[in-house]
Each structure stands twice: as C-alpha cells, then as structure tokens.
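**Student:** Mind looking over this structure? Questions follow.
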Amino acid sequence: QRGQALLDRHLSHDKVSSLLEEAAQEATRTGLVADAIDLYRLAGNFEQAIRQLNRRLSQLLTEDHPERETWRRVALNFKDQYMDDTGLNQTLKAKVLDSVKEDFKLLLGLYHFFDMVQGGAPQQPSAVNDLLPGLMILPTSASDAD
C-alpha cells in the first residue's frame with residue numbers, strides 16, 4: 001500500500017489513484033513495463049499490475065534473454081509480497097480475477113519447469129515429473145485426455 005506522499009496530502013485517494021493509473025498507462029505505452037507495474041500497484045489496481053507482469057513473463061518464458069532472470073525475480077517478489085499458499089492474500093483476493101491469478105501461477109510454474117530442464121534436470125527426471133501435475137498442462141489420467 002502507498003503511504004502519505006505529497007499528492008495524498010493534497011488530493012483525494014481516488015484522484016491520486018486515477019493519476020497513478022494514467023501514468024501507468026503512459027508507462028505501458030512507452031515500454032516502461034516495470035514502472036507501469038509499480039504504478040498500477042500503487043494505484044491499487046493489482047489486477048492490471050499482474051496482467052502486465054503476466055504479459056512480460058510470457059514474452060520471456062523460453063527465451064535466452066538478459067532480462068529473463070530479472071523478470072523472474074520481479075514476479076517472485078510480487079508473489080512473496082501479495083500471495084500465500086492459497087493464492088492472493090485476503091486484501092487482494094476480491095480485486096483480481098481468478099483467471100489472471102491462475103495465469104500468473106502457471107507462468108511461475110513454467111519458469112520453474114524450464115529452469116529445471118535447461119539447468120540439467122533431465123538427469124533428475126523425477127524432479128521434473130513431480131512438477132508437471134501442479135502445472136496442470138498435461139492430462140494426468142485417461143479421462144483427463146478425453
């Protein structure tokens with residue numbers, strides 16, 4: 001949550017949130033995705049922050065890109081700050097669509113999967129096999145395949 005910054009002392013909470021959202025939209029348009037995510041978060045629009053994060057994560061999922069590890073860390077920090085074992089913390093649960101939250105969790109799982117495979121996990125197939133059911137991308141039984 002944001003504190004009592006200068007704008008918050010002189011403008012209503014809703015007005016400051018609106019200004020932050022406008023700035024986030026401009027940051028998105030100009031390619032400043034990290035800034036956009038922070039601005040959406042400060043505005044209280046966690047769904048849009050996660051959507052932006054999901055978009056960037058999906059762009060870098062399988063690429064050998066210098067920013068891939070940075071964005072993985074950003075996502076994990078966001079997860080640590082706003083999510084628990086059951087999903088979003090209680091404050092955010094009502095503010096984010098389940099599908100957006102599930103996409104975020106899936107992307108984090110896929111990052112972990114690709115990191116394991118690219119990092120030599122094929123020598124440890126059981127570790128990869130243990131991860132796959134949680135991703136829910138492959139059928140686990142014949143009835144799931146129908």
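Chain labels A, B, ... are given in the sequence in which chains occur in the structure tokens; within each chain residues are numbered consecutively from 1, and ligands are likewise numbered from 1 in the order shown.
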I'd like the contact shell of region 7-24 of chain A - 7 Å cut-off, only C-alpha atoms, skipping same-chain residues fewer than 6 positions apart - returned as a ChimeraX atom specification.
**Tutor:** /A:36,39-40,43
**Student:** Keeping only N, CA, C and O atoms, take the residues you just selected and write them out as an mmCIF file, in the first residue's frame.
**Tutor:**
```cif
data_model
loop_
_atom_site.group_PDB
_atom_site.id
_atom_site.type_symbol
_atom_site.label_atom_id
_atom_site.label_comp_id
_atom_site.auth_asym_id
_atom_site.auth_seq_id
_atom_site.Cartn_x
_atom_site.Cartn_y
_atom_site.Cartn_z
ATOM 1 N N ALA A 36 5.229 0.713 -14.999
ATOM 2 C CA ALA A 36 3.773 0.556 -15.092
ATOM 3 C C ALA A 36 3.263 -0.368 -13.999
ATOM 4 O O ALA A 36 2.247 -0.074 -13.349
ATOM 5 N N LEU A 39 3.307 1.459 -10.722
ATOM 6 C CA LEU A 39 2.260 2.490 -10.672
ATOM 7 C C LEU A 39 0.875 1.870 -10.505
ATOM 8 O O LEU A 39 0.059 2.369 -9.715
ATOM 9 N N TYR A 40 0.592 0.788 -11.225
ATOM 10 C CA TYR A 40 -0.694 0.105 -11.040
ATOM 11 C C TYR A 40 -0.826 -0.412 -9.614
ATOM 12 O O TYR A 40 -1.887 -0.319 -8.999
ATOM 13 N N ALA A 43 -1.593 2.391 -7.353
ATOM 14 C CA ALA A 43 -2.965 2.857 -7.571
ATOM 15 C C ALA A 43 -3.990 1.885 -6.993
ATOM 16 O O ALA A 43 -5.175 2.204 -6.923
#
```
**Student:** Would you mind listing what lies within 8 Å of region 46-59 of chain A as a short mmCIF file (atom, residue, chain, number, x, y, z; two decimals) with N, CA, C and O atoms, in the first residue's frame, with only C-alpha atoms counted and same-chain residues fewer than 6 positions away left out?
**Tutor:**
```cif
data_model
loop_
_atom_site.label_atom_id
_atom_site.label_comp_id
_atom_site.auth_asym_id
_atom_site.auth_seq_id
_atom_site.Cartn_x
_atom_site.Cartn_y
_atom_site.Cartn_z
N VAL A 33 7.56 -1.12 -18.66
CA VAL A 33 6.68 -2.10 -18.04
C VAL A 33 6.88 -2.17 -16.53
O VAL A 33 5.92 -2.23 -15.76
N ALA A 36 5.23 0.71 -15.00
CA ALA A 36 3.77 0.56 -15.09
C ALA A 36 3.26 -0.37 -14.00
O ALA A 36 2.25 -0.07 -13.35
N ILE A 37 3.95 -1.48 -13.78
CA ILE A 37 3.53 -2.43 -12.74
C ILE A 37 3.54 -1.76 -11.38
O ILE A 37 2.58 -1.88 -10.61
N ASP A 38 4.61 -1.02 -11.08
CA ASP A 38 4.68 -0.31 -9.79
C ASP A 38 3.57 0.72 -9.65
O ASP A 38 2.96 0.86 -8.59
N TYR A 40 0.59 0.79 -11.22
CA TYR A 40 -0.69 0.11 -11.04
C TYR A 40 -0.83 -0.41 -9.61
O TYR A 40 -1.89 -0.32 -9.00
N ARG A 68 15.42 -12.01 -18.63
CA ARG A 68 14.57 -13.10 -18.16
C ARG A 68 14.69 -13.31 -16.65
O ARG A 68 13.69 -13.41 -15.94
N TRP A 71 13.09 -10.46 -14.58
CA TRP A 71 11.63 -10.53 -14.51
C TRP A 71 11.15 -11.70 -13.68
O TRP A 71 10.12 -11.61 -13.01
N ARG A 72 11.89 -12.79 -13.67
CA ARG A 72 11.53 -13.91 -12.80
C ARG A 72 11.61 -13.47 -11.34
O ARG A 72 10.72 -13.75 -10.54
N ALA A 75 8.71 -11.20 -10.47
CA ALA A 75 7.49 -11.99 -10.27
C ALA A 75 7.51 -12.69 -8.92
O ALA A 75 6.50 -12.72 -8.20
N LEU A 92 -6.21 -8.65 -1.47
CA LEU A 92 -6.27 -8.60 -2.93
C LEU A 92 -7.24 -9.59 -3.55
O LEU A 92 -7.57 -9.49 -4.72
N LYS A 95 -9.98 -8.32 -5.58
CA LYS A 95 -9.61 -7.32 -6.58
C LYS A 95 -9.04 -7.90 -7.86
O LYS A 95 -8.78 -7.17 -8.80
N VAL A 96 -8.80 -9.21 -7.91
CA VAL A 96 -8.14 -9.82 -9.07
C VAL A 96 -8.94 -11.02 -9.54
O VAL A 96 -9.29 -11.89 -8.74
N LEU A 97 -9.23 -11.06 -10.83
CA LEU A 97 -9.94 -12.20 -11.41
C LEU A 97 -9.15 -13.48 -11.20
O LEU A 97 -7.92 -13.48 -11.30
N VAL A 100 -6.71 -14.37 -14.04
CA VAL A 100 -5.46 -13.60 -14.05
C VAL A 100 -4.49 -14.18 -13.03
O VAL A 100 -3.30 -14.38 -13.30
N LYS A 101 -5.02 -14.50 -11.85
CA LYS A 101 -4.20 -15.11 -10.80
C LYS A 101 -3.68 -16.47 -11.24
O LYS A 101 -2.51 -16.79 -11.05
N ASP A 103 -3.21 -17.56 -14.31
CA ASP A 103 -2.20 -17.36 -15.35
C ASP A 103 -0.84 -17.04 -14.72
O ASP A 103 0.19 -17.54 -15.15
N PHE A 104 -0.86 -16.19 -13.70
CA PHE A 104 0.37 -15.80 -13.01
C PHE A 104 1.02 -17.02 -12.37
O PHE A 104 2.22 -17.26 -12.53
N LEU A 107 2.49 -19.29 -15.09
CA LEU A 107 3.74 -18.75 -15.63
C LEU A 107 4.91 -18.97 -14.68
O LEU A 107 6.01 -19.34 -15.11
#
```
**Student:** Quote the spacing between CA of Asp115 (chain A) and CA of Arg73 (chain A) in Å to one decimal place.
**Tutor:**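 The value is 12.9 Å.
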**Student:** Would you compute the distance between CA of Asp64 (chain A) and CA of Leu32 (chain A)? Give it in Å to one decimal.
**Tutor:**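 Answer for the CA of Asp64 (chain A) to CA of Leu32 (chain A) separation: 20.6 Å.
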**Student:** What does the distance between CA of Tyr111 (chain A) and CA of Leu61 (chain A) come to in Å, to one decimal place?
**Tutor:**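 Spanning CA of Tyr111 (chain A) to CA of Leu61 (chain A) is a straight-line distance of 6.3 Å.
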